[in-house]
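Colleague: The structure that follows is given in the form of structure tokens.
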Amino acid sequence: MATVAVMAVLIVVQVSVIAALRLPLGSPDIILIVLCFVALCQGPVTGAVVGFSIGLLADLLSTHVLGQTAMVFSLVGYGVGLVGEETDRSAYLPLAVAAGASALGTAGHAAMAGIIGQPSLTGSQTLLRVLGAALYALVLTPVIFPLVTAGLRRLHREQP
């Protein structure tokens with residue numbers, strides 16, 4: 001529950017601050033990156049549930065079709081959670097997983113919009129956004145991953 005609450009605050013930061021930055025390859029999806037790390041640490045079921053919950057909240061606050069982000073986030077959360085057992089073995093795994101999950105999540109959003117009949121990006125724009133999402137995830141992972149893991153450890157210590 002606390003994880004979803006923190007991520008709800010991140011939605012506000014994403015929409016009000018990060019989206020306004022007007023970065024060259026689009027804005028990084030902080031929520032997707034944090035979801036990736038939660039799923040890595042907590043497993044596929046928690047990743048899917050948190051992804052669906054936060055995706056549904058993001059859908060309610062957006063103008064696109066309800067359920068679009070919830071579906072993409074729940075699939076990404078579940079898929080990343082399956083890789084979670086390997087995180088302790090490699091320092092590079094969180095980098096690779098965050099970059100891949102951000103790229104797949106961005107491509108998933110574009111694909112869902114196309115399937116629903118409301119495409120907002122062309123093929124080349126989608127490719128640039130996917131590349132940008134992966135690059136931003138690589139840059140942000142060394143900062144965000146330790147914060148998320150420390151926060152999750154602290155939450156588990158405080159729970160009875």
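Residues are named by chain letter and number: chains run A, B, ... in the order of the structure tokens, numbers start at 1 in each chain, and ligands are numbered from 1 in the order shown.
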Got a sec: who's within 10 Å of Phe73 of chain A, counting only C-alpha atoms, leaving out chain neighbours fewer than 4 positions off, as a list in words?

Modeller: Ile31, Leu32, Leu35, Cys36, Gly47, Ala48, Val49, Val50, Gly51, Phe52, Ser53, Ile54, Gly55, Leu56, Gly67, Gln68, Thr69, Gly77, Tyr78, Gly79, Ala101, Gly105, Gly108 and His109 of chain A

Colleague: Write a file of the just-selected residues containing all heavy atoms, as a short mmCIF file (atom, residue, chain, number, x, y, z; two decimals), in the first residue's frame.

Modeller:
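Contents of selection31.cif, as written:
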```
data_model
loop_
_atom_site.label_atom_id
_atom_site.label_comp_id
_atom_site.auth_asym_id
_atom_site.auth_seq_id
_atom_site.Cartn_x
_atom_site.Cartn_y
_atom_site.Cartn_z
N ILE A 31 7.72 6.67 -13.37
CA ILE A 31 6.83 5.68 -12.77
C ILE A 31 7.18 4.29 -13.28
O ILE A 31 7.24 3.33 -12.51
CB ILE A 31 5.36 6.01 -13.05
CG1 ILE A 31 4.98 7.33 -12.38
CG2 ILE A 31 4.42 4.94 -12.58
CD1 ILE A 31 4.57 8.39 -13.28
N LEU A 32 7.41 4.17 -14.56
CA LEU A 32 7.77 2.88 -15.15
C LEU A 32 9.12 2.39 -14.62
O LEU A 32 9.29 1.20 -14.35
CB LEU A 32 7.79 2.99 -16.67
CG LEU A 32 7.94 1.71 -17.46
CD1 LEU A 32 6.81 0.74 -17.13
CD2 LEU A 32 7.94 2.00 -18.94
N LEU A 35 8.53 1.29 -11.02
CA LEU A 35 7.78 0.04 -11.07
C LEU A 35 8.72 -1.12 -11.40
O LEU A 35 8.61 -2.20 -10.81
CB LEU A 35 6.65 0.12 -12.10
CG LEU A 35 5.96 -1.20 -12.41
CD1 LEU A 35 5.21 -1.72 -11.18
CD2 LEU A 35 5.02 -1.04 -13.59
N CYS A 36 9.62 -0.90 -12.30
CA CYS A 36 10.59 -1.92 -12.69
C CYS A 36 11.40 -2.37 -11.48
O CYS A 36 11.57 -3.57 -11.24
CB CYS A 36 11.49 -1.35 -13.77
SG CYS A 36 12.88 -2.37 -14.21
N GLY A 47 4.69 -7.03 -8.64
CA GLY A 47 4.93 -6.15 -9.79
C GLY A 47 3.69 -5.94 -10.63
O GLY A 47 3.38 -4.83 -11.04
N ALA A 48 2.95 -7.03 -10.87
CA ALA A 48 1.72 -6.92 -11.66
C ALA A 48 0.64 -6.14 -10.92
O ALA A 48 -0.05 -5.30 -11.50
CB ALA A 48 1.21 -8.31 -12.03
N VAL A 49 0.48 -6.40 -9.62
CA VAL A 49 -0.56 -5.71 -8.84
C VAL A 49 -0.24 -4.23 -8.70
O VAL A 49 -1.12 -3.38 -8.91
CB VAL A 49 -0.72 -6.38 -7.45
CG1 VAL A 49 -1.60 -5.55 -6.53
CG2 VAL A 49 -1.29 -7.77 -7.60
N VAL A 50 1.00 -3.90 -8.36
CA VAL A 50 1.38 -2.49 -8.25
C VAL A 50 1.30 -1.83 -9.62
O VAL A 50 0.82 -0.69 -9.74
CB VAL A 50 2.80 -2.35 -7.64
CG1 VAL A 50 3.30 -0.92 -7.74
CG2 VAL A 50 2.80 -2.81 -6.20
N GLY A 51 1.74 -2.52 -10.66
CA GLY A 51 1.64 -1.97 -12.01
C GLY A 51 0.22 -1.68 -12.43
O GLY A 51 -0.08 -0.62 -12.99
N PHE A 52 -0.68 -2.62 -12.14
CA PHE A 52 -2.08 -2.40 -12.49
C PHE A 52 -2.67 -1.25 -11.69
O PHE A 52 -3.34 -0.38 -12.24
CB PHE A 52 -2.91 -3.67 -12.25
CG PHE A 52 -4.36 -3.49 -12.57
CD1 PHE A 52 -4.80 -3.53 -13.88
CD2 PHE A 52 -5.29 -3.26 -11.56
CE1 PHE A 52 -6.13 -3.34 -14.19
CE2 PHE A 52 -6.62 -3.07 -11.86
CZ PHE A 52 -7.05 -3.11 -13.18
N SER A 53 -2.39 -1.22 -10.38
CA SER A 53 -2.96 -0.17 -9.52
C SER A 53 -2.49 1.21 -9.93
O SER A 53 -3.30 2.13 -10.08
CB SER A 53 -2.56 -0.42 -8.06
OG SER A 53 -2.98 -1.67 -7.64
N ILE A 54 -1.19 1.35 -10.12
CA ILE A 54 -0.67 2.66 -10.46
C ILE A 54 -1.01 3.03 -11.90
O ILE A 54 -1.22 4.19 -12.22
CB ILE A 54 0.85 2.73 -10.15
CG1 ILE A 54 1.23 4.16 -9.80
CG2 ILE A 54 1.70 2.22 -11.27
CD1 ILE A 54 0.60 4.69 -8.58
N GLY A 55 -1.09 2.03 -12.76
CA GLY A 55 -1.50 2.28 -14.14
C GLY A 55 -2.94 2.74 -14.23
O GLY A 55 -3.28 3.64 -15.01
N LEU A 56 -3.80 2.15 -13.41
CA LEU A 56 -5.20 2.57 -13.39
C LEU A 56 -5.34 4.00 -12.88
O LEU A 56 -6.10 4.79 -13.44
CB LEU A 56 -6.03 1.61 -12.52
CG LEU A 56 -7.54 1.77 -12.58
CD1 LEU A 56 -8.05 1.55 -14.00
CD2 LEU A 56 -8.20 0.78 -11.64
N GLY A 67 -7.56 2.05 -18.87
CA GLY A 67 -7.03 0.70 -18.88
C GLY A 67 -5.80 0.53 -19.73
O GLY A 67 -5.11 -0.49 -19.63
N GLN A 68 -5.48 1.50 -20.56
CA GLN A 68 -4.33 1.39 -21.46
C GLN A 68 -3.03 1.31 -20.66
O GLN A 68 -2.24 0.38 -20.84
CB GLN A 68 -4.31 2.59 -22.40
CG GLN A 68 -3.18 2.60 -23.38
CD GLN A 68 -3.28 3.77 -24.34
OE1 GLN A 68 -4.34 4.37 -24.51
NE2 GLN A 68 -2.18 4.10 -24.98
N THR A 69 -2.80 2.24 -19.77
CA THR A 69 -1.58 2.24 -18.97
C THR A 69 -1.61 1.10 -17.96
O THR A 69 -0.57 0.50 -17.68
CB THR A 69 -1.41 3.59 -18.25
OG1 THR A 69 -1.45 4.63 -19.23
CG2 THR A 69 -0.11 3.67 -17.50
N GLY A 77 5.34 -5.01 -15.10
CA GLY A 77 5.62 -5.38 -13.71
C GLY A 77 5.75 -6.89 -13.55
O GLY A 77 6.66 -7.37 -12.85
N TYR A 78 4.88 -7.64 -14.20
CA TYR A 78 4.96 -9.10 -14.10
C TYR A 78 6.22 -9.63 -14.78
O TYR A 78 6.94 -10.46 -14.23
CB TYR A 78 3.72 -9.74 -14.72
CG TYR A 78 3.72 -11.24 -14.56
CD1 TYR A 78 3.37 -11.83 -13.36
CD2 TYR A 78 4.08 -12.07 -15.61
CE1 TYR A 78 3.39 -13.21 -13.20
CE2 TYR A 78 4.10 -13.45 -15.47
CZ TYR A 78 3.75 -14.00 -14.27
OH TYR A 78 3.77 -15.37 -14.10
N GLY A 79 6.49 -9.14 -15.97
CA GLY A 79 7.66 -9.61 -16.72
C GLY A 79 8.97 -9.30 -16.02
O GLY A 79 9.86 -10.15 -15.93
N ALA A 101 12.78 -2.60 -19.91
CA ALA A 101 11.39 -2.40 -19.48
C ALA A 101 10.88 -1.04 -19.92
O ALA A 101 9.71 -0.91 -20.33
CB ALA A 101 11.29 -2.54 -17.97
N GLY A 105 7.86 -0.74 -22.34
CA GLY A 105 6.69 -0.01 -21.86
C GLY A 105 6.29 1.12 -22.80
O GLY A 105 5.11 1.33 -23.09
N GLY A 108 4.89 -0.44 -25.81
CA GLY A 108 3.56 -0.96 -25.46
C GLY A 108 2.50 0.12 -25.46
O GLY A 108 1.38 -0.10 -25.92
N HIS A 109 2.84 1.30 -24.94
CA HIS A 109 1.90 2.42 -24.97
C HIS A 109 1.54 2.80 -26.42
O HIS A 109 0.38 3.02 -26.75
CB HIS A 109 2.47 3.65 -24.26
CG HIS A 109 2.33 3.61 -22.78
ND1 HIS A 109 1.13 3.72 -22.14
CD2 HIS A 109 3.26 3.48 -21.82
CE1 HIS A 109 1.31 3.65 -20.84
NE2 HIS A 109 2.61 3.49 -20.62
#
```

Colleague: Gly151 of chain A: which residues within 12 Å, counting only C-alpha atoms, same-chain residues fewer than 2 positions away excluded, as a PDB file with N, CA and C atoms, in the first residue's frame?

Modeller:
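The resulting selection.pdb:
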```
ATOM      1  N   ALA A   2       1.927   1.246   0.801  1.00  0.00           N
ATOM      2  CA  ALA A   2       2.819   2.404   0.853  1.00  0.00           C
ATOM      3  C   ALA A   2       3.520   2.605  -0.487  1.00  0.00           C
ATOM      4  N   THR A   3       3.828   1.512  -1.159  1.00  0.00           N
ATOM      5  CA  THR A   3       4.483   1.606  -2.461  1.00  0.00           C
ATOM      6  C   THR A   3       3.581   2.304  -3.464  1.00  0.00           C
ATOM      7  N   VAL A   6       3.441   6.070  -2.663  1.00  0.00           N
ATOM      8  CA  VAL A   6       4.631   6.785  -3.128  1.00  0.00           C
ATOM      9  C   VAL A   6       4.592   6.946  -4.639  1.00  0.00           C
ATOM     10  N   VAL A  34      10.507   3.166 -11.655  1.00  0.00           N
ATOM     11  CA  VAL A  34      10.329   2.758 -10.257  1.00  0.00           C
ATOM     12  C   VAL A  34       9.550   1.443 -10.185  1.00  0.00           C
ATOM     13  N   PHE A  37      11.843  -1.441 -10.666  1.00  0.00           N
ATOM     14  CA  PHE A  37      12.660  -1.793  -9.503  1.00  0.00           C
ATOM     15  C   PHE A  37      11.832  -2.431  -8.395  1.00  0.00           C
ATOM     16  N   VAL A  38      10.595  -1.999  -8.242  1.00  0.00           N
ATOM     17  CA  VAL A  38       9.705  -2.642  -7.263  1.00  0.00           C
ATOM     18  C   VAL A  38       9.476  -4.096  -7.660  1.00  0.00           C
ATOM     19  N   CYS A  41      12.525  -6.288  -7.007  1.00  0.00           N
ATOM     20  CA  CYS A  41      12.742  -6.600  -5.588  1.00  0.00           C
ATOM     21  C   CYS A  41      11.624  -7.440  -4.980  1.00  0.00           C
ATOM     22  N   ILE A 144      18.109   6.030  -8.923  1.00  0.00           N
ATOM     23  CA  ILE A 144      16.798   5.600  -8.435  1.00  0.00           C
ATOM     24  C   ILE A 144      16.833   4.206  -7.806  1.00  0.00           C
ATOM     25  N   PHE A 145      17.586   3.277  -8.374  1.00  0.00           N
ATOM     26  CA  PHE A 145      17.588   1.905  -7.866  1.00  0.00           C
ATOM     27  C   PHE A 145      17.994   1.811  -6.395  1.00  0.00           C
ATOM     28  N   PRO A 146      19.072   2.468  -5.966  1.00  0.00           N
ATOM     29  CA  PRO A 146      19.410   2.389  -4.528  1.00  0.00           C
ATOM     30  C   PRO A 146      18.335   2.997  -3.627  1.00  0.00           C
ATOM     31  N   LEU A 147      17.696   4.073  -4.081  1.00  0.00           N
ATOM     32  CA  LEU A 147      16.636   4.690  -3.286  1.00  0.00           C
ATOM     33  C   LEU A 147      15.440   3.754  -3.123  1.00  0.00           C
ATOM     34  N   VAL A 148      15.050   3.109  -4.215  1.00  0.00           N
ATOM     35  CA  VAL A 148      13.901   2.204  -4.166  1.00  0.00           C
ATOM     36  C   VAL A 148      14.204   0.988  -3.301  1.00  0.00           C
ATOM     37  N   THR A 149      15.360   0.391  -3.476  1.00  0.00           N
ATOM     38  CA  THR A 149      15.687  -0.795  -2.683  1.00  0.00           C
ATOM     39  C   THR A 149      15.809  -0.457  -1.198  1.00  0.00           C
ATOM     40  N   ARG A 153      13.392  -2.038   1.690  1.00  0.00           N
ATOM     41  CA  ARG A 153      13.947  -2.715   2.871  1.00  0.00           C
ATOM     42  C   ARG A 153      13.414  -2.097   4.157  1.00  0.00           C
ATOM     43  N   ARG A 154      13.338  -0.792   4.174  1.00  0.00           N
ATOM     44  CA  ARG A 154      12.838  -0.099   5.369  1.00  0.00           C
ATOM     45  C   ARG A 154      11.362  -0.421   5.606  1.00  0.00           C
ATOM     46  N   LEU A 155      10.579  -0.485   4.558  1.00  0.00           N
ATOM     47  CA  LEU A 155       9.165  -0.836   4.701  1.00  0.00           C
ATOM     48  C   LEU A 155       9.005  -2.227   5.277  1.00  0.00           C
ATOM     49  N   HIS A 156       9.826  -3.159   4.826  1.00  0.00           N
ATOM     50  CA  HIS A 156       9.712  -4.536   5.320  1.00  0.00           C
ATOM     51  C   HIS A 156      10.172  -4.676   6.765  1.00  0.00           C
ATOM     52  N   ARG A 157      11.123  -3.867   7.187  1.00  0.00           N
ATOM     53  CA  ARG A 157      11.550  -3.909   8.590  1.00  0.00           C
ATOM     54  C   ARG A 157      10.481  -3.349   9.519  1.00  0.00           C
ATOM     55  N   GLU A 158       9.740  -2.345   9.051  1.00  0.00           N
ATOM     56  CA  GLU A 158       8.733  -1.706   9.896  1.00  0.00           C
ATOM     57  C   GLU A 158       7.439  -2.490   9.980  1.00  0.00           C
TER      58      GLU A 158
END
```

Colleague: Determine the nearest neighbour of Ser102 of chain A from the options A:Ala5, A:Ile115, A:Leu138, A:Ala150, counting only C-alpha atoms.

Modeller: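 When distances to Ser102 of chain A are compared using only C-alpha atoms, the smallest one comes from A:Leu138.
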
Colleague: Using DSSP assignments from the backbone, pull out every residue in segment 42-90 of chain A that falls under alpha helix (DSSP H) and give it to me as a PyMOL selection string.

Modeller: chain A and resi 42+44-60+68-83

Colleague: So which residues touch segment 91-96 of chain A within 10 Å, counting only C-alpha atoms, skipping near sequence neighbours fewer than 2 positions away, as a ChimeraX atom specification?

Modeller: /A:36-37,40,80,83-84,86-89,98-102,134,137-142,145

Colleague: Could you dump the residues just selected with C-alpha atoms as a short mmCIF file (atom, residue, chain, number, x, y, z; two decimals), in the first residue's frame?

Modeller:
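Here's the written file out.cif:
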```cif
data_model
loop_
_atom_site.label_atom_id
_atom_site.label_comp_id
_atom_site.auth_asym_id
_atom_site.auth_seq_id
_atom_site.Cartn_x
_atom_site.Cartn_y
_atom_site.Cartn_z
CA CYS A 36 10.59 -1.92 -12.69
CA PHE A 37 12.66 -1.79 -9.50
CA LEU A 40 12.69 -6.68 -9.39
CA VAL A 80 10.31 -7.73 -14.77
CA VAL A 83 13.78 -11.67 -13.64
CA GLY A 84 13.99 -10.57 -10.00
CA GLU A 86 18.87 -12.78 -10.68
CA THR A 87 19.31 -9.23 -9.29
CA ASP A 88 21.73 -10.17 -6.56
CA ARG A 89 24.10 -11.81 -8.99
CA ALA A 98 15.32 -0.87 -16.53
CA ALA A 99 16.39 0.04 -20.05
CA GLY A 100 14.53 -2.91 -21.57
CA ALA A 101 11.39 -2.40 -19.48
CA SER A 102 11.30 1.32 -20.29
CA ALA A 134 15.99 3.25 -22.71
CA ALA A 137 16.47 4.65 -17.80
CA LEU A 138 20.19 3.88 -18.09
CA VAL A 139 21.07 7.35 -16.82
CA LEU A 140 18.53 7.37 -13.97
CA THR A 141 19.01 3.80 -12.71
CA PRO A 142 22.17 4.46 -10.63
CA PHE A 145 17.59 1.90 -7.87
#
```

Colleague: Go ahead and compute the interatomic distance for atom CA of Ala111 of chain A and atom CA of Val4 of chain A, in Å to one decimal.

Modeller: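 If I compute the distance from atom CA of Ala111 of chain A to atom CA of Val4 of chain A, I get 25.4 Å.
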
Colleague: Rank A:Ala110, A:Leu152, A:Leu25, A:Val143 by their smallest atom-to-atom distance to Arg129 of chain A, using only C-alpha atoms, and report the top residue only.

Modeller: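 Checking each candidate against Arg129 of chain A, we get A:Leu25 as the closest.
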
Colleague: Could you jot down the atom CA of Arg22 of chain A to atom CA of Leu10 of chain A separation for me, Å, one decimal place?

Modeller: 17.8 Å
